[in-house]
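Notes follow the structure.
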Amino acid sequence: MLEHVDPFIGTAGTDLPAPTGLAATWWWPKPQVGNTHPGAAYPFGMVSACAYSGGYPTGYGPYELGTEGLPVPFLDAHVASGFTHFQQSGTGAIRKYYNYLRVTPMLQRLDDLGETWEILEEEASPGYYRALLSSGITAEITVGPKSAVHRYTFPRHHDARVVVDLSHGGIEVPYGATVPLRASLQSHGRGVASGEVVVEGAPLAVHFEVDAPGMRQLLWYDRRLMPGGSRLDFHDIRPTTLRTFGLMWSGPTAAGQVVELRMGFSLRGTDQARANLAADCSPSGTVAGPAFDSRRAATRAAWAQHVDAIRVDTPSTERRTVFATALYHSLLKPSFAPEESPFWPASGPFVFDISTMWDMYRTQFPLMTLLRPERSVELANALLRICEEEGNFPIGYRMARGADRFSRQASALAHTLLADLCALGLSGVDWDWALVHMTADLRRTYGEEYLLAGMTQPVTHVLDLAFGYWCTAQIAEHVGDRALHAEMARFAGGWTRAFDRATGLLRDSTFYEGTTWNYSFRLLHDMATRIAGVGGDEPFVALLDTFFGYGADPVTQPGLRPGRAELAAGYALGRFEGLNNEPDMDAPWAYLYAGRPDRTAEVVHGVVHQMFGPGRGGLPGNDDSGGLSSWYVWAALGLFPVAGQNLVLLHPPSFAEAEVDVPGGLLALRTRGFREPEPGGPVQYVESVTLDGEPLEVACLTGTRLHAGGELVVSLGDRPTAWGTTTRPPSTPLTGPAPDSWPPL
């Protein structure tokens, strides 16, 4: 599958065929662009590197800041002013931007640093990026877990140079620049240097080794060279006092001459940065000469282990590319940096770029747990350490110190990951330690209002917190703490208070990037009670049909710089967002709990085959650190995880066959009667399912059973059947008297 990955998918504005049928009724509130980048990256690695234009939000591409409608270009050409490190992947307006340590190969004077050159040719594959600049210089970059290796091929020139700007960071939007608080830079002799910049509160250290025959190594400050200088130190830098500074290599080049720059990174000082570079590129610990090809090969091998863990069978090269790339995007984040926490001295896991956890926790975390369970355990322990050191579980955590909490989006997200790991029986987590922080975290911020009144605003937090209590109760039961289980049970049923029985929807509230409709069909732990509260299957299905646009007219999507009236009219539709955004990403499977697997099949078919495609414009919205791409991977396989419940729901797969390497061995997904799907084409429905030869009458199986592997065979037909209509996925309420302090609503 690796050879089918196209890292350029999602880097440009959405460019998909006009949707038809049901998909034409879905409305897109978010930017119509994937916001991905094609740079070199390592699976779940600390480092990425890509061409830098200053575009929003990754630093790559032509777009200015945008939060809805079509992306707006601020550049007329595809250009780069250099190559930066530490990019986000598919995020939106998260207010923290990286792109540190810009490296610029150039033929001009240092005064021209910051000028852009057109990118004439571009190539990318997992772990590798290449660009031919209009200056005639070819740039190639590969990365390791904690390192980057640049290789520049120069034309003949009397004074070529490679310039590293340590003062640079952020993106070219208003107030998007990163200003280092303090910095140091030291030259250790020919070909070796090191430095540290404190950026957004994080001390980012770098160790340089370079092969630059015939070039001088120089420090520079305020675009002026410092011949003979060996050290620079800066303190208390403010935006008004910042002057650019860095390191460069300069000298004549012959045609085709190559300069290789190796950079090791650490958040714990330059000595560790040097050790990290040695571990990634030169185990001997010395300047070992060119390492680009060996590092690229090792990174490609690592990607092969990850991406080739799933194989799909299709005659369509385009569909194979879309799937392989979605899997690749799903494995970029979070960034794992073991032994690198700059904020506390303890050893152990450290993880950052959990940038959109409110999206990742539903799809990306379960996929990581299926394919790389050891990574999920490492993530869980990192989250527990963050909670212990900083006082809260984050719902967004980046390299920056004091990272934004984005509290409006969600609460108690770490609880879902922990509950799944516990239910799966994965080792490596101290569940007594976990319970200490899970219970304490539920009482903070929105949790205090929920404890006292059984209600908080935004009302979506009521659902989050109630489920957090349910997840915590499961782990309390696992460790045998009956008293804690009973206490958690009292609060796990409070989700019912969030719904208005008159409408069957959530109560009026403010909603983040959506309406009451978008948040009302979450897959709760007690869907049977949820459906009964509406009046039963028929009225619940009627609500879902309205939400998904059955019988509705096609909509017009927001255009360039949409106005308030245009957006308000779209939100007023209360319509499914078609995976342009993710708050309702699990809603298609709500039909299963009401005995309508046919409806799930129709909606998922519309999304999988009309909302994703090949090419730079192949994503319907922000990839959100792989949350969107992970949805596609699951849905295309005919599976969908219910995060925190150790449950996987079933629907018609979009491939005739697929194989997944799972912890228990091999999961073989087979079909009978399969017809290769087409965008807007007819839907297939499940007629029967067998698991290792035994009939499966319910549209789900446990995560434990999925992780064990086996052969799942789905028989398909052209009309809805009775399969999955009688026995429903499980509802698991907790019983216990609600707190007396909760007033009636």
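Identifiers for the structure tokens are assigned positionally: chains receive A, B, ... in sequence, residues are indexed from 1 per chain, and ligands are indexed from 1 in the order shown.
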Next on the checklist: Taking only segment 674-711 of chain A into account, list the residues labelled strand (DSSP E or B) by DSSP (computed from the backbone), as a list in words.
Outcome noted: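 Everything in segment 674-711 of chain A that counts as strand (DSSP E or B) is Tyr685, Val686, Glu687, Ser688, Val689, Thr690, Leu691, Glu694, Pro695, Cys700, Leu701, Thr702, Gly710 and Glu711 of chain A.
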Please produce a file of those selected residues containing N, CA and C atoms, as a compact mmCIF listing (two decimals), in the first residue's frame.
```
# COMPACT_ATOMS: atom_id res chain seq x y z
N TYR A 685 -26.48 -3.52 0.47
CA TYR A 685 -26.95 -3.71 1.84
C TYR A 685 -26.49 -5.07 2.35
N VAL A 686 -26.34 -5.17 3.66
CA VAL A 686 -25.89 -6.42 4.27
C VAL A 686 -27.04 -7.42 4.27
N GLU A 687 -26.76 -8.62 3.78
CA GLU A 687 -27.72 -9.72 3.84
C GLU A 687 -27.42 -10.65 5.00
N SER A 688 -26.14 -10.88 5.27
CA SER A 688 -25.75 -11.73 6.40
C SER A 688 -24.28 -11.49 6.69
N VAL A 689 -23.88 -11.90 7.90
CA VAL A 689 -22.48 -11.76 8.33
C VAL A 689 -22.10 -13.02 9.09
N THR A 690 -20.90 -13.49 8.84
CA THR A 690 -20.35 -14.58 9.65
C THR A 690 -18.99 -14.16 10.18
N LEU A 691 -18.68 -14.61 11.37
CA LEU A 691 -17.38 -14.38 11.98
C LEU A 691 -16.78 -15.74 12.29
N GLU A 694 -19.36 -18.48 12.04
CA GLU A 694 -20.55 -18.43 12.88
C GLU A 694 -21.40 -17.21 12.51
N PRO A 695 -22.71 -17.39 12.34
CA PRO A 695 -23.57 -16.26 11.97
C PRO A 695 -23.54 -15.16 13.03
N CYS A 700 -22.69 -5.50 15.16
CA CYS A 700 -21.55 -5.06 15.95
C CYS A 700 -20.78 -6.25 16.46
N LEU A 701 -19.60 -5.99 16.94
CA LEU A 701 -18.81 -6.95 17.71
C LEU A 701 -17.95 -6.16 18.67
N THR A 702 -17.44 -6.80 19.67
CA THR A 702 -16.63 -6.08 20.65
C THR A 702 -15.27 -5.73 20.06
N GLY A 710 -9.40 -12.94 12.87
CA GLY A 710 -10.34 -13.93 12.37
C GLY A 710 -10.83 -13.55 10.99
N GLU A 711 -11.87 -14.23 10.52
CA GLU A 711 -12.43 -13.97 9.19
C GLU A 711 -13.86 -13.47 9.33
```
Item to check | Non-local contacts of Tyr56 of chain A (8 Å; only C-alpha atoms; under 2 positions in same chain excluded) as a list in words | outcome: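 Counting only C-alpha atoms, the residues come to Asn35, Gly54, Thr58, Gly59, Tyr60, Gly61, Pro62, Tyr63, Glu64, Leu65, Gly66, Ile171, Glu172 and Val173 of chain A.
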Next on the checklist: With only C-alpha atoms as the counted atoms, please give the residues lying no more than 12 Å from Met488 of chain A, apart from itself and same-chain residues fewer than 4 positions off, as a ChimeraX atom specification.
Outcome noted: /A:435,438-440,442-443,451,465-477,481-484,492-494,733-739
Item to check | Interatomic distance (Å, one decimal) between atom CA of Ile141 of chain A and atom CA of Ala124 of chain A | outcome: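 Computing it gives 9.6 Å between the two atoms.
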Checklist entry - Which value, in Å to one decimal, gives the distance between atom CA of Leu544 of chain A and atom CA of Leu716 of chain A? => result 23.9 Å
Checklist entry - Within 6 Å of Glu140 of chain A, counting only C-alpha atoms, which residues qualify if same-chain residues fewer than 4 places away don't, as an NGL selection string? => result :A and (129-130 or 150-151)
Item to check | Pairwise distance for atom CA of Ser335 of chain A and atom CA of Pro105 of chain A, rounded to one decimal in Å | outcome: 27.4 Å
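In terms of minimum interatomic distance to Glu68 of chain A, A:Arg564 ranks closest within A:Arg362, A:Arg728, A:Arg564, A:His37, counting only C-alpha atoms.
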Item to check | Residue neighbourhood Ala80 of chain A, 12 Å, only C-alpha atoms, exclusion window fewer than 2 positions, as a PyMOL selection string | outcome: chain A and resi 50-55+59-62+75+77-78+82-84+102-106+113-122+131-135+137+139
Item to check | Spatial neighbours of Thr14 of chain A, 7 Å, only C-alpha atoms, chain gap at least 5 places, as a ChimeraX atom specification | outcome: /A:32-33,617-620
Output file for the selection above: all heavy atoms, as a PDB file, in the first residue's frame:
```
ATOM      1  N   GLN A  32     -13.268  24.666   3.181  1.00  0.00           N
ATOM      2  CA  GLN A  32     -13.273  23.579   2.201  1.00  0.00           C
ATOM      3  C   GLN A  32     -11.836  23.342   1.720  1.00  0.00           C
ATOM      4  O   GLN A  32     -11.461  23.613   0.578  1.00  0.00           O
ATOM      5  CB  GLN A  32     -14.219  23.941   1.059  1.00  0.00           C
ATOM      6  CG  GLN A  32     -15.664  24.049   1.523  1.00  0.00           C
ATOM      7  CD  GLN A  32     -16.555  24.768   0.541  1.00  0.00           C
ATOM      8  OE1 GLN A  32     -16.404  24.608  -0.681  1.00  0.00           O
ATOM      9  NE2 GLN A  32     -17.484  25.564   1.039  1.00  0.00           N
ATOM     10  N   VAL A  33     -11.043  22.788   2.621  1.00  0.00           N
ATOM     11  CA  VAL A  33      -9.637  22.515   2.356  1.00  0.00           C
ATOM     12  C   VAL A  33      -9.156  21.548   3.433  1.00  0.00           C
ATOM     13  O   VAL A  33      -9.598  21.607   4.573  1.00  0.00           O
ATOM     14  CB  VAL A  33      -8.798  23.818   2.372  1.00  0.00           C
ATOM     15  CG1 VAL A  33      -8.916  24.541   3.705  1.00  0.00           C
ATOM     16  CG2 VAL A  33      -7.338  23.550   2.028  1.00  0.00           C
ATOM     17  N   GLY A 617      -7.071  18.433  -3.914  1.00  0.00           N
ATOM     18  CA  GLY A 617      -8.364  18.857  -3.383  1.00  0.00           C
ATOM     19  C   GLY A 617      -9.248  17.708  -2.948  1.00  0.00           C
ATOM     20  O   GLY A 617     -10.474  17.837  -2.943  1.00  0.00           O
ATOM     21  N   GLY A 618      -8.669  16.597  -2.536  1.00  0.00           N
ATOM     22  CA  GLY A 618      -9.427  15.384  -2.289  1.00  0.00           C
ATOM     23  C   GLY A 618     -10.067  15.236  -0.928  1.00  0.00           C
ATOM     24  O   GLY A 618     -10.664  14.193  -0.650  1.00  0.00           O
ATOM     25  N   LEU A 619      -9.970  16.244  -0.048  1.00  0.00           N
ATOM     26  CA  LEU A 619     -10.609  16.162   1.265  1.00  0.00           C
ATOM     27  C   LEU A 619     -11.723  17.210   1.366  1.00  0.00           C
ATOM     28  O   LEU A 619     -11.582  18.318   0.863  1.00  0.00           O
ATOM     29  CB  LEU A 619      -9.597  16.375   2.388  1.00  0.00           C
ATOM     30  CG  LEU A 619      -8.564  15.272   2.602  1.00  0.00           C
ATOM     31  CD1 LEU A 619      -7.631  15.627   3.755  1.00  0.00           C
ATOM     32  CD2 LEU A 619      -9.220  13.933   2.855  1.00  0.00           C
ATOM     33  N   PRO A 620     -12.824  16.881   2.074  1.00  0.00           N
ATOM     34  CA  PRO A 620     -13.952  17.811   2.167  1.00  0.00           C
ATOM     35  C   PRO A 620     -13.776  18.889   3.224  1.00  0.00           C
ATOM     36  O   PRO A 620     -14.580  19.819   3.291  1.00  0.00           O
ATOM     37  CB  PRO A 620     -15.117  16.897   2.535  1.00  0.00           C
ATOM     38  CG  PRO A 620     -14.485  15.808   3.347  1.00  0.00           C
ATOM     39  CD  PRO A 620     -13.141  15.578   2.701  1.00  0.00           C
TER      40      PRO A 620
END
```
Next on the checklist: Can you pull out every residue from segment 53-285 of chain A that DSSP, working from the backbone, puts in helix (DSSP H, G or I), and format the result as a list in words?
Outcome noted: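 Of segment 53-285 of chain A, only Leu110, Asp111, Asp112, Thr270, Asp271, Gln272, Ala273, Arg274, Ala275, Asn276, Leu277, Ala278, Ala279, Asp280 and Cys281 of chain A fall in helix (DSSP H, G or I).
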Put those residues in a file: N, CA, C and O atoms, as a PDB file, in the first residue's frame.
```pdb
ATOM      1  N   LEU A 110      22.754  37.669   1.917  1.00  0.00           N
ATOM      2  CA  LEU A 110      21.998  37.428   3.139  1.00  0.00           C
ATOM      3  C   LEU A 110      20.891  38.463   3.309  1.00  0.00           C
ATOM      4  O   LEU A 110      19.851  38.178   3.914  1.00  0.00           O
ATOM      5  N   ASP A 111      21.092  39.671   2.779  1.00  0.00           N
ATOM      6  CA  ASP A 111      20.057  40.704   2.854  1.00  0.00           C
ATOM      7  C   ASP A 111      18.755  40.251   2.216  1.00  0.00           C
ATOM      8  O   ASP A 111      17.684  40.773   2.548  1.00  0.00           O
ATOM      9  N   ASP A 112      18.831  39.296   1.284  1.00  0.00           N
ATOM     10  CA  ASP A 112      17.642  38.837   0.568  1.00  0.00           C
ATOM     11  C   ASP A 112      16.941  37.674   1.261  1.00  0.00           C
ATOM     12  O   ASP A 112      15.981  37.111   0.715  1.00  0.00           O
ATOM     13  N   THR A 270      20.926  20.775  24.188  1.00  0.00           N
ATOM     14  CA  THR A 270      21.699  20.470  22.990  1.00  0.00           C
ATOM     15  C   THR A 270      22.447  19.139  23.092  1.00  0.00           C
ATOM     16  O   THR A 270      22.687  18.492  22.077  1.00  0.00           O
ATOM     17  N   ASP A 271      22.831  18.741  24.299  1.00  0.00           N
ATOM     18  CA  ASP A 271      23.501  17.440  24.428  1.00  0.00           C
ATOM     19  C   ASP A 271      22.561  16.314  24.015  1.00  0.00           C
ATOM     20  O   ASP A 271      22.961  15.375  23.317  1.00  0.00           O
ATOM     21  N   GLN A 272      21.303  16.420  24.455  1.00  0.00           N
ATOM     22  CA  GLN A 272      20.344  15.385  24.067  1.00  0.00           C
ATOM     23  C   GLN A 272      20.007  15.495  22.584  1.00  0.00           C
ATOM     24  O   GLN A 272      19.765  14.482  21.929  1.00  0.00           O
ATOM     25  N   ALA A 273      19.996  16.708  22.045  1.00  0.00           N
ATOM     26  CA  ALA A 273      19.768  16.865  20.608  1.00  0.00           C
ATOM     27  C   ALA A 273      20.867  16.163  19.813  1.00  0.00           C
ATOM     28  O   ALA A 273      20.606  15.509  18.794  1.00  0.00           O
ATOM     29  N   ARG A 274      22.110  16.302  20.293  1.00  0.00           N
ATOM     30  CA  ARG A 274      23.227  15.616  19.627  1.00  0.00           C
ATOM     31  C   ARG A 274      23.061  14.106  19.714  1.00  0.00           C
ATOM     32  O   ARG A 274      23.277  13.385  18.730  1.00  0.00           O
ATOM     33  N   ALA A 275      22.667  13.616  20.871  1.00  0.00           N
ATOM     34  CA  ALA A 275      22.464  12.174  21.032  1.00  0.00           C
ATOM     35  C   ALA A 275      21.325  11.683  20.150  1.00  0.00           C
ATOM     36  O   ALA A 275      21.394  10.579  19.586  1.00  0.00           O
ATOM     37  N   ASN A 276      20.283  12.488  20.014  1.00  0.00           N
ATOM     38  CA  ASN A 276      19.163  12.093  19.162  1.00  0.00           C
ATOM     39  C   ASN A 276      19.589  12.011  17.701  1.00  0.00           C
ATOM     40  O   ASN A 276      19.168  11.100  16.970  1.00  0.00           O
ATOM     41  N   LEU A 277      20.408  12.963  17.256  1.00  0.00           N
ATOM     42  CA  LEU A 277      20.902  12.907  15.885  1.00  0.00           C
ATOM     43  C   LEU A 277      21.758  11.670  15.679  1.00  0.00           C
ATOM     44  O   LEU A 277      21.651  10.979  14.652  1.00  0.00           O
ATOM     45  N   ALA A 278      22.605  11.370  16.650  1.00  0.00           N
ATOM     46  CA  ALA A 278      23.447  10.183  16.532  1.00  0.00           C
ATOM     47  C   ALA A 278      22.602   8.923  16.448  1.00  0.00           C
ATOM     48  O   ALA A 278      22.869   8.030  15.642  1.00  0.00           O
ATOM     49  N   ALA A 279      21.570   8.849  17.289  1.00  0.00           N
ATOM     50  CA  ALA A 279      20.712   7.665  17.276  1.00  0.00           C
ATOM     51  C   ALA A 279      19.997   7.513  15.946  1.00  0.00           C
ATOM     52  O   ALA A 279      19.779   6.393  15.461  1.00  0.00           O
ATOM     53  N   ASP A 280      19.611   8.640  15.335  1.00  0.00           N
ATOM     54  CA  ASP A 280      18.862   8.591  14.076  1.00  0.00           C
ATOM     55  C   ASP A 280      19.753   8.423  12.854  1.00  0.00           C
ATOM     56  O   ASP A 280      19.330   7.831  11.854  1.00  0.00           O
ATOM     57  N   CYS A 281      20.985   8.978  12.907  1.00  0.00           N
ATOM     58  CA  CYS A 281      21.769   9.074  11.676  1.00  0.00           C
ATOM     59  C   CYS A 281      23.192   8.532  11.768  1.00  0.00           C
ATOM     60  O   CYS A 281      23.746   8.120  10.756  1.00  0.00           O
TER      61      CYS A 281
END
```
Tyr328 of chain A surroundings by only C-alpha atoms, 9 Å radius, close-in-sequence under 6 positions cut, as a PDB file with N, CA, C and O atoms, in the first residue's frame:
```pdb
ATOM      1  N   LEU A   2       2.097   1.158   0.486  1.00  0.00           N
ATOM      2  CA  LEU A   2       2.910   2.346   0.673  1.00  0.00           C
ATOM      3  C   LEU A   2       3.110   3.115  -0.625  1.00  0.00           C
ATOM      4  O   LEU A   2       3.088   4.355  -0.639  1.00  0.00           O
ATOM      5  N   VAL A   5       0.535   5.902  -1.536  1.00  0.00           N
ATOM      6  CA  VAL A   5       0.298   7.094  -0.716  1.00  0.00           C
ATOM      7  C   VAL A   5       0.641   8.354  -1.506  1.00  0.00           C
ATOM      8  O   VAL A   5       1.694   8.439  -2.141  1.00  0.00           O
ATOM      9  N   ASP A   6      -0.241   9.336  -1.462  1.00  0.00           N
ATOM     10  CA  ASP A   6      -0.021  10.633  -2.096  1.00  0.00           C
ATOM     11  C   ASP A   6      -0.116  11.718  -1.027  1.00  0.00           C
ATOM     12  O   ASP A   6      -1.211  12.176  -0.694  1.00  0.00           O
ATOM     13  N   PRO A   7       1.012  12.167  -0.471  1.00  0.00           N
ATOM     14  CA  PRO A   7       0.964  13.173   0.596  1.00  0.00           C
ATOM     15  C   PRO A   7       0.379  14.517   0.174  1.00  0.00           C
ATOM     16  O   PRO A   7       0.131  15.371   1.030  1.00  0.00           O
ATOM     17  N   PRO A  43       6.378   8.149  11.147  1.00  0.00           N
ATOM     18  CA  PRO A  43       5.136   7.719  11.809  1.00  0.00           C
ATOM     19  C   PRO A  43       5.104   8.117  13.277  1.00  0.00           C
ATOM     20  O   PRO A  43       5.986   7.730  14.055  1.00  0.00           O
ATOM     21  N   PRO A 126       6.015   9.060   1.612  1.00  0.00           N
ATOM     22  CA  PRO A 126       6.185   8.966   3.063  1.00  0.00           C
ATOM     23  C   PRO A 126       7.655   9.057   3.484  1.00  0.00           C
ATOM     24  O   PRO A 126       8.478   8.238   3.096  1.00  0.00           O
ATOM     25  N   TRP A 303       7.554   3.480   7.619  1.00  0.00           N
ATOM     26  CA  TRP A 303       6.234   3.757   7.044  1.00  0.00           C
ATOM     27  C   TRP A 303       5.614   2.493   6.435  1.00  0.00           C
ATOM     28  O   TRP A 303       4.402   2.279   6.518  1.00  0.00           O
ATOM     29  N   HIS A 306       3.854   0.476   8.967  1.00  0.00           N
ATOM     30  CA  HIS A 306       2.602   1.063   9.431  1.00  0.00           C
ATOM     31  C   HIS A 306       1.519   1.019   8.357  1.00  0.00           C
ATOM     32  O   HIS A 306       0.402   0.552   8.597  1.00  0.00           O
ATOM     33  N   VAL A 307       1.842   1.514   7.166  1.00  0.00           N
ATOM     34  CA  VAL A 307       0.818   1.624   6.117  1.00  0.00           C
ATOM     35  C   VAL A 307       0.452   0.265   5.544  1.00  0.00           C
ATOM     36  O   VAL A 307      -0.712   0.010   5.205  1.00  0.00           O
ATOM     37  N   GLY A 626      -5.669  13.888  11.487  1.00  0.00           N
ATOM     38  CA  GLY A 626      -5.979  12.512  11.122  1.00  0.00           C
ATOM     39  C   GLY A 626      -7.334  12.035  11.577  1.00  0.00           C
ATOM     40  O   GLY A 626      -7.731  10.911  11.259  1.00  0.00           O
ATOM     41  N   SER A 629      -9.336  11.515   8.292  1.00  0.00           N
ATOM     42  CA  SER A 629      -8.818  10.386   7.512  1.00  0.00           C
ATOM     43  C   SER A 629      -9.075   9.055   8.208  1.00  0.00           C
ATOM     44  O   SER A 629      -9.371   8.044   7.552  1.00  0.00           O
TER      45      SER A 629
END
```
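Distances to Gly391 of chain A were evaluated for A:Arg444, A:Thr356, A:Leu637, A:Leu650 using only C-alpha atoms, and the minimum falls at A:Arg444.
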Next on the checklist: Between A:Gln87, A:Ser81, A:Ser347, A:Thr725, which residue has the minimum interatomic distance to Thr600 of chain A, considering only C-alpha atoms?
Outcome noted: A:Thr725
Item to check | Nearest candidate to Gln88 of chain A (options A:Tyr550, A:Trp517, A:Phe265, A:Phe352; using only C-alpha atoms) | outcome: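 Among the listed residues, A:Phe352 lies closest to Gln88 of chain A.
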Next on the checklist: I need the residue nearest Ala414 of chain A from this list: A:Pro539, A:Pro213, A:Gly644, A:Gly574. Use only C-alpha atoms for the distance.
Outcome noted: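 Among the listed residues, A:Gly644 lies closest to Ala414 of chain A.
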Item to check | Top pick for closest residue to Arg156 of chain A, considering A:Gly176, A:Gly92, A:Pro252, A:Gly191 and counting only C-alpha atoms | outcome: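 Distance minimum relative to Arg156 of chain A lands on A:Pro252.
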